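Chemist: Contents of final20.txt (compact mmCIF, C-alpha atoms) are below:
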```
# COMPACT_ATOMS: atom_id res chain seq x y z
CA MET A 233 108.66 0.60 -135.98
CA GLY A 234 105.99 2.49 -137.90
CA ASP A 235 105.57 6.15 -138.72
CA PRO A 236 106.45 8.39 -135.76
CA GLN A 237 103.69 9.84 -133.62
CA TYR A 238 103.38 13.51 -132.65
CA MET A 239 105.43 14.83 -135.59
CA LYS A 240 102.77 17.10 -137.10
CA PHE A 241 102.93 19.94 -134.57
CA PRO A 242 104.21 22.52 -134.16
CA ASP A 243 104.24 23.17 -137.89
CA LEU A 244 107.82 24.17 -138.62
CA ARG A 245 106.70 25.97 -141.78
CA LEU A 246 105.26 28.69 -139.55
CA ALA A 247 108.82 29.48 -138.50
CA GLN A 248 109.53 30.77 -142.00
CA SER A 249 106.40 32.93 -141.92
CA VAL A 250 107.43 34.54 -138.64
CA PHE A 251 110.98 35.01 -139.92
CA THR A 252 109.68 36.85 -142.97
CA LEU A 253 107.43 39.09 -140.89
CA ALA A 254 110.19 39.88 -138.40
CA SER A 255 112.84 40.70 -140.98
CA PRO A 256 113.00 44.36 -142.10
CA SER A 257 114.76 43.32 -145.32
CA THR A 258 112.03 41.19 -146.89
CA SER A 259 109.65 42.61 -149.49
CA SER A 260 106.15 43.85 -148.76
CA SER A 261 104.61 41.14 -150.92
CA ALA A 262 106.55 38.43 -149.05
CA LYS A 263 105.47 39.90 -145.72
CA GLN A 264 101.83 39.97 -146.80
CA SER A 265 101.97 36.37 -147.99
CA SER A 266 103.59 35.26 -144.73
CA LEU A 267 101.11 37.27 -142.66
CA THR A 268 98.20 35.56 -144.41
CA ALA A 269 99.75 32.11 -143.93
CA LEU A 270 100.38 32.76 -140.24
CA GLN A 271 96.90 34.18 -139.61
CA ASP A 272 95.29 31.26 -141.44
CA ALA A 273 97.26 28.73 -139.40
CA ILE A 274 96.45 30.49 -136.12
CA ARG A 275 92.74 30.42 -136.92
CA GLU A 276 92.73 26.86 -138.29
CA HIS A 277 94.58 25.35 -135.35
CA LYS A 278 93.10 27.65 -132.67
CA MET A 279 96.57 28.78 -131.61
CA ALA A 280 95.57 31.10 -128.77
CA PRO A 281 98.84 30.87 -126.78
CA LEU A 282 101.07 31.49 -129.81
CA TYR A 283 98.80 34.31 -130.99
CA HIS A 284 99.03 35.95 -127.56
CA TYR A 285 102.80 35.53 -127.54
CA LEU A 286 103.28 37.07 -130.98
CA ALA A 287 100.49 39.63 -131.33
CA HIS A 288 99.37 40.92 -127.92
CA PRO A 289 99.28 44.76 -128.11
CA GLN A 290 101.51 45.19 -125.05
CA THR A 291 103.78 42.15 -125.03
CA GLY A 292 103.53 40.63 -128.51
CA LYS A 293 106.89 39.84 -130.10
CA LEU A 294 105.53 40.75 -133.54
CA ASN A 295 103.86 43.92 -132.28
CA ALA A 296 106.56 46.57 -132.39
CA SER A 297 104.15 49.27 -131.18
CA GLY A 298 103.72 47.29 -127.98
CA GLU A 299 107.08 48.57 -126.72
CA SER A 300 105.42 51.77 -125.56
CA GLY A 301 102.10 50.22 -124.62
CA SER A 302 98.75 50.18 -126.36
CA SER A 303 95.43 51.88 -125.91
CA GLN A 304 93.64 48.63 -126.69
CA LYS A 305 91.93 46.92 -123.79
CA THR A 306 93.07 43.43 -122.98
CA SER A 307 91.18 40.63 -121.32
CA SER A 308 91.14 40.47 -117.51
CA SER A 309 91.04 36.69 -117.66
CA SER A 310 94.04 34.65 -116.57
CA PRO A 311 97.01 35.18 -118.89
CA VAL A 312 98.30 32.57 -121.26
CA PRO A 313 101.52 31.08 -119.88
CA SER A 314 104.50 32.86 -121.37
CA LEU A 315 106.98 31.16 -123.65
CA ARG A 316 110.33 31.71 -121.98
CA ARG A 317 113.27 33.27 -123.78
CA THR A 318 115.90 30.66 -124.41
CA SER A 319 117.74 32.10 -127.39
CA SER A 320 121.04 33.93 -127.25
CA ILE A 321 120.38 35.40 -130.69
CA ASN A 322 120.31 39.21 -130.61
CA THR A 323 119.25 39.89 -134.18
CA THR A 324 115.77 40.17 -135.61
CA SER A 325 114.82 36.74 -136.90
CA ILE A 326 112.39 33.90 -136.44
CA ILE A 327 114.89 32.44 -134.01
CA GLY A 328 115.05 35.65 -132.02
CA VAL A 329 111.30 36.22 -132.05
CA LEU A 330 110.24 32.71 -131.07
CA GLY A 331 113.15 32.52 -128.67
CA GLY A 332 111.91 35.67 -126.92
CA PHE A 333 113.43 38.59 -128.83
CA LYS A 334 111.20 41.61 -129.48
CA GLN A 335 111.23 42.40 -133.20
CA THR A 336 111.75 45.91 -134.53
CA GLY A 337 111.48 47.00 -138.13
CA GLY A 338 109.35 44.10 -139.25
CA ALA A 339 105.61 43.77 -139.79
CA ASP A 340 102.99 43.69 -137.04
CA LEU A 341 100.64 40.77 -136.52
CA PRO A 342 97.29 42.47 -135.82
CA TRP A 343 95.64 41.73 -132.47
CA ASP A 344 91.98 40.73 -132.33
CA GLU A 345 90.76 40.36 -128.75
CA LYS A 346 87.52 38.68 -129.76
CA LEU A 347 89.37 36.11 -131.88
CA TYR A 348 91.80 35.41 -129.06
CA GLU A 349 89.05 34.84 -126.49
CA GLU A 350 87.16 32.59 -128.91
CA MET A 351 90.23 30.46 -129.61
CA LYS A 352 91.11 30.33 -125.92
CA ARG A 353 87.60 29.10 -125.09
CA GLU A 354 87.82 26.42 -127.79
CA ASN A 355 91.20 25.31 -126.41
CA GLU A 356 89.66 24.95 -122.96
CA GLU A 357 86.76 22.92 -124.37
CA GLU A 358 89.14 20.55 -126.16
CA LEU A 359 91.20 20.12 -123.01
CA ALA A 360 88.07 19.39 -120.98
CA ALA A 361 87.03 16.72 -123.49
CA ILE A 362 90.48 15.13 -123.31
CA GLN A 363 90.38 15.17 -119.51
CA LYS A 364 87.01 13.44 -119.59
CA GLU A 365 88.40 10.82 -121.98
CA GLU A 366 91.37 10.23 -119.68
CA ASP A 367 89.16 9.95 -116.58
CA GLU A 368 86.85 7.45 -118.28
CA ALA A 369 89.80 5.44 -119.54
CA ALA A 370 91.30 5.32 -116.05
CA GLU A 371 88.00 4.10 -114.63
CA ARG A 372 86.91 1.61 -117.30
CA GLU A 373 89.87 0.72 -119.49
CA GLY A 374 93.63 0.39 -119.18
CA ASP A 375 96.97 2.17 -119.32
CA THR A 376 97.06 2.16 -123.12
CA GLU A 377 93.81 4.13 -123.37
CA VAL A 378 94.89 6.50 -120.60
CA ASN A 379 98.16 7.21 -122.40
CA THR A 380 96.26 7.77 -125.65
CA ALA A 381 94.35 10.59 -123.96
CA ARG A 382 97.55 11.99 -122.47
CA GLY A 383 99.12 11.93 -125.91
CA LYS A 384 96.20 13.91 -127.31
CA ARG A 385 96.71 16.54 -124.60
CA ALA A 386 100.42 16.87 -125.34
CA GLU A 387 99.77 17.11 -129.07
CA LEU A 388 97.08 19.74 -128.50
CA TYR A 389 99.48 21.94 -126.56
CA ALA A 390 102.05 21.51 -129.34
CA ARG A 391 99.43 22.37 -131.96
CA ILE A 392 98.33 25.60 -130.29
CA GLY A 393 101.87 26.75 -129.56
CA ASP A 394 102.01 26.47 -125.77
CA LYS A 395 105.65 25.49 -125.37
CA ASP A 396 105.82 25.01 -121.61
CA LYS A 397 102.64 22.99 -121.29
CA ALA A 398 103.47 20.87 -124.33
CA LEU A 399 106.86 19.98 -122.88
CA GLU A 400 105.34 19.22 -119.48
CA ALA A 401 102.67 16.99 -121.04
CA PHE A 402 105.17 15.08 -123.17
CA GLU A 403 107.46 14.54 -120.17
CA LYS A 404 104.57 13.12 -118.16
CA LEU A 405 103.63 10.89 -121.08
CA LEU A 406 107.23 9.71 -121.37
CA GLU A 407 107.26 8.72 -117.69
CA LYS A 408 104.22 6.50 -118.24
CA THR A 409 105.41 4.93 -121.49
CA GLY A 410 107.23 1.61 -121.50
CA ILE A 411 107.52 0.84 -125.22
CA LEU A 412 110.88 1.94 -126.63
CA ALA A 413 109.55 3.06 -130.01
CA SER A 414 106.92 5.22 -128.29
CA LYS A 415 109.57 6.75 -126.03
CA ILE A 416 111.62 7.67 -129.10
CA ASP A 417 108.56 9.23 -130.75
CA ILE A 418 107.95 11.37 -127.66
CA VAL A 419 111.54 12.59 -127.49
CA LEU A 420 111.42 13.39 -131.22
CA ALA A 421 108.31 15.48 -130.51
CA ILE A 422 110.21 17.34 -127.78
CA ILE A 423 113.04 18.00 -130.24
CA ARG A 424 110.54 19.42 -132.72
CA ILE A 425 109.13 21.81 -130.10
CA ALA A 426 112.62 22.86 -129.04
CA MET A 427 113.57 23.56 -132.66
CA PHE A 428 110.43 25.62 -133.25
CA PHE A 429 111.14 27.81 -130.21
CA ASP A 430 114.92 27.91 -130.74
CA ASP A 431 115.70 26.27 -127.43
CA LYS A 432 119.20 25.16 -128.37
CA ASN A 433 119.99 23.65 -124.99
CA LEU A 434 116.85 21.54 -125.09
CA VAL A 435 117.56 20.45 -128.66
CA LYS A 436 121.04 19.28 -127.68
CA LYS A 437 119.86 17.57 -124.51
CA SER A 438 116.97 15.85 -126.29
CA VAL A 439 119.05 14.65 -129.23
CA GLU A 440 121.45 13.06 -126.75
CA ARG A 441 118.50 11.55 -124.93
CA CYS A 442 117.08 10.17 -128.16
CA SER A 443 120.45 8.77 -129.20
CA ALA A 444 120.71 6.89 -125.90
CA LEU A 445 117.26 5.38 -126.45
CA VAL A 446 118.12 4.45 -130.02
CA GLU A 447 121.36 2.77 -129.00
CA SER A 448 119.54 0.76 -126.35
CA GLY A 449 117.23 -0.68 -129.00
CA GLY A 450 119.73 -2.24 -131.35
CA ASP A 451 120.62 -1.73 -135.00
CA TRP A 452 117.05 -1.82 -136.35
CA VAL A 453 116.02 1.12 -134.17
CA CYS A 454 119.20 3.01 -135.07
CA CYS A 455 118.47 2.58 -138.76
CA MET A 456 114.85 3.73 -138.52
CA THR A 457 115.45 6.67 -136.19
CA SER A 458 118.53 8.17 -137.83
CA SER A 459 116.42 9.21 -140.81
CA LEU A 460 113.70 10.69 -138.58
CA LEU A 461 116.17 12.95 -136.81
CA HIS A 462 116.93 14.59 -140.15
CA VAL A 463 113.28 15.36 -141.00
```
Starting from the file, lay out its structure as structure tokens.
Modeler:
Amino acid sequence: MGDPQYMKFPDLRLAQSVFTLASPSTSSSAKQSSLTALQDAIREHKMAPLYHYLAHPQTGKLNASGESGSSQKTSSSSPVPSLRRTSSINTTSIIGVLGGFKQTGGADLPWDEKLYEEMKRENEEELAAIQKEEDEAAEREGDTEVNTARGKRAELYARIGDKDKALEAFEKLLEKTGILASKIDIVLAIIRIAMFFDDKNLVKKSVERCSALVESGGDWVCCMTSSLLHV
């Protein structure tokens, strides 16, 4: 069992940046540092869905002024799928914000419509390239190559912060995967997404699911995976 797949995204370090921005008690210098880190990550990884979720002038969870609306014009194109509220936390925190809570008293994440549309277009181009790769693999190659393309799609959704589509893509990949180690990697990826978005129920369910897979594989799998669950 080698290094786990799909463990790079979402970047859990961004959780700390959002926490700092959402908290009214952190210093201005800490907020500015976190804002820069979050903006850099959003641009680098083309995180259009997460950017929309956090910064949109009317619905953004890190846009306190959005409570009463905004004079800024928003795109008429189809909306990015929302990230459902799953947290029971009712205090301002990274957990509350990424779980669906609207922050108050923290720092805004500025909205740039042009940047959002550019990142959204690049996301669509990447997805189209992955779909082409999957179609060609289905026509000319085998299940391994098809699943490789499906894995790229799932990882892309995780990278850009689209919770629902990432989970859907990983579940579809899991259905088509027969190798135990790969199944465990996929469930670990689901746990990572659930942790990032504070979906406690999904974390619990997925840890139990992973444990069942680990136990079915014998002592060597138990030994390797127990350490990964604590990453």
Chemist: Have a look at A:Ala370, A:Ala421, A:Ala426, A:Met351 and name the one nearest to A:Gly383; count all atoms listed in the file.
Modeler: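 Using all atoms listed in the file, the shortest distance to A:Gly383 belongs to A:Ala421.
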Chemist: Quick check, in Å to one decimal: how far apart do atom CA of A:Pro281 and atom CA of A:Ile423 lie?
Modeler: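 Taking atom CA of A:Pro281 and atom CA of A:Ile423, their separation equals 19.5 Å.
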Chemist: Quick one: of A:Val435, A:Ala398, A:Met427, A:Leu412, who's nearest to A:Glu447, counting only C-alpha atoms?
Modeler: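 Using only C-alpha atoms, A:Glu447 sits closest to A:Leu412.
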Chemist: Which residue out of A:Asp431, A:Arg382, A:Leu359, A:Gln271 has the minimum interatomic distance to A:Asp344 when all atoms listed in the file are used?
Modeler: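 Using all atoms listed in the file, the shortest distance to A:Asp344 belongs to A:Gln271.
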Chemist: Kindly give the distance, in Å, that separates atom CA of A:Gly374 and atom CA of A:Ile411, rounded to a single decimal.
Modeler: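 The value is 15.2 Å.
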Chemist: For a test of reading the model, state the distance in Å between atom CA of A:Asp243 and atom CA of A:Asp430, rounded to one decimal.
Modeler: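 If I compute the distance from atom CA of A:Asp243 to atom CA of A:Asp430, I get 13.7 Å.
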Chemist: Using all atoms listed in the file, find the one residue out of A:Ser443, A:Thr268, A:Ser260, A:Gln237 that sits nearest to A:Arg424.
Modeler: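 Closest candidate: A:Gln237.
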Chemist: Would you mind telling me which residue in A:His288, A:Arg385, A:Arg391, A:Arg353 lies nearest to A:Glu403 when using all atoms listed in the file?
Modeler: A:Arg385
Chemist: Here is a test: counting only C-alpha atoms, which residue of A:Ala280, A:Val250, A:Ala401, A:Ala381 is nearest to A:Glu345?
Modeler: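 The closest residue to A:Glu345 is A:Ala280.
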Chemist: Identify the residues within 12 Å of coordinate (88.5, 26.3, -127.4) (same frame as the file), considering all atoms listed in the file, and give the answer as a list in words.
Modeler: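 Within 12 Å of (88.5, 26.3, -127.4), the protein and nucleic acid residues are Arg275, Glu276, His277, Lys278, Met279, Ala280, Pro281, Leu347, Tyr348, Glu349, Glu350, Met351, Lys352, Arg353, Glu354, Asn355, Glu356, Glu357, Glu358, Leu359, Ala360, Ala361, Leu388, Tyr389 and Ile392 of chain A.
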Chemist: Would you pick out the contacts of A:Ser414 at 12 Å or less, using all atoms listed in the file, so that residues sharing its chain but fewer than 5 positions from it are not included, and give the list as a PyMOL selection string?
Modeler: chain A and resi 233-238+376+379-380+383+402+405-409+419-421+442+445-446+449+453+457
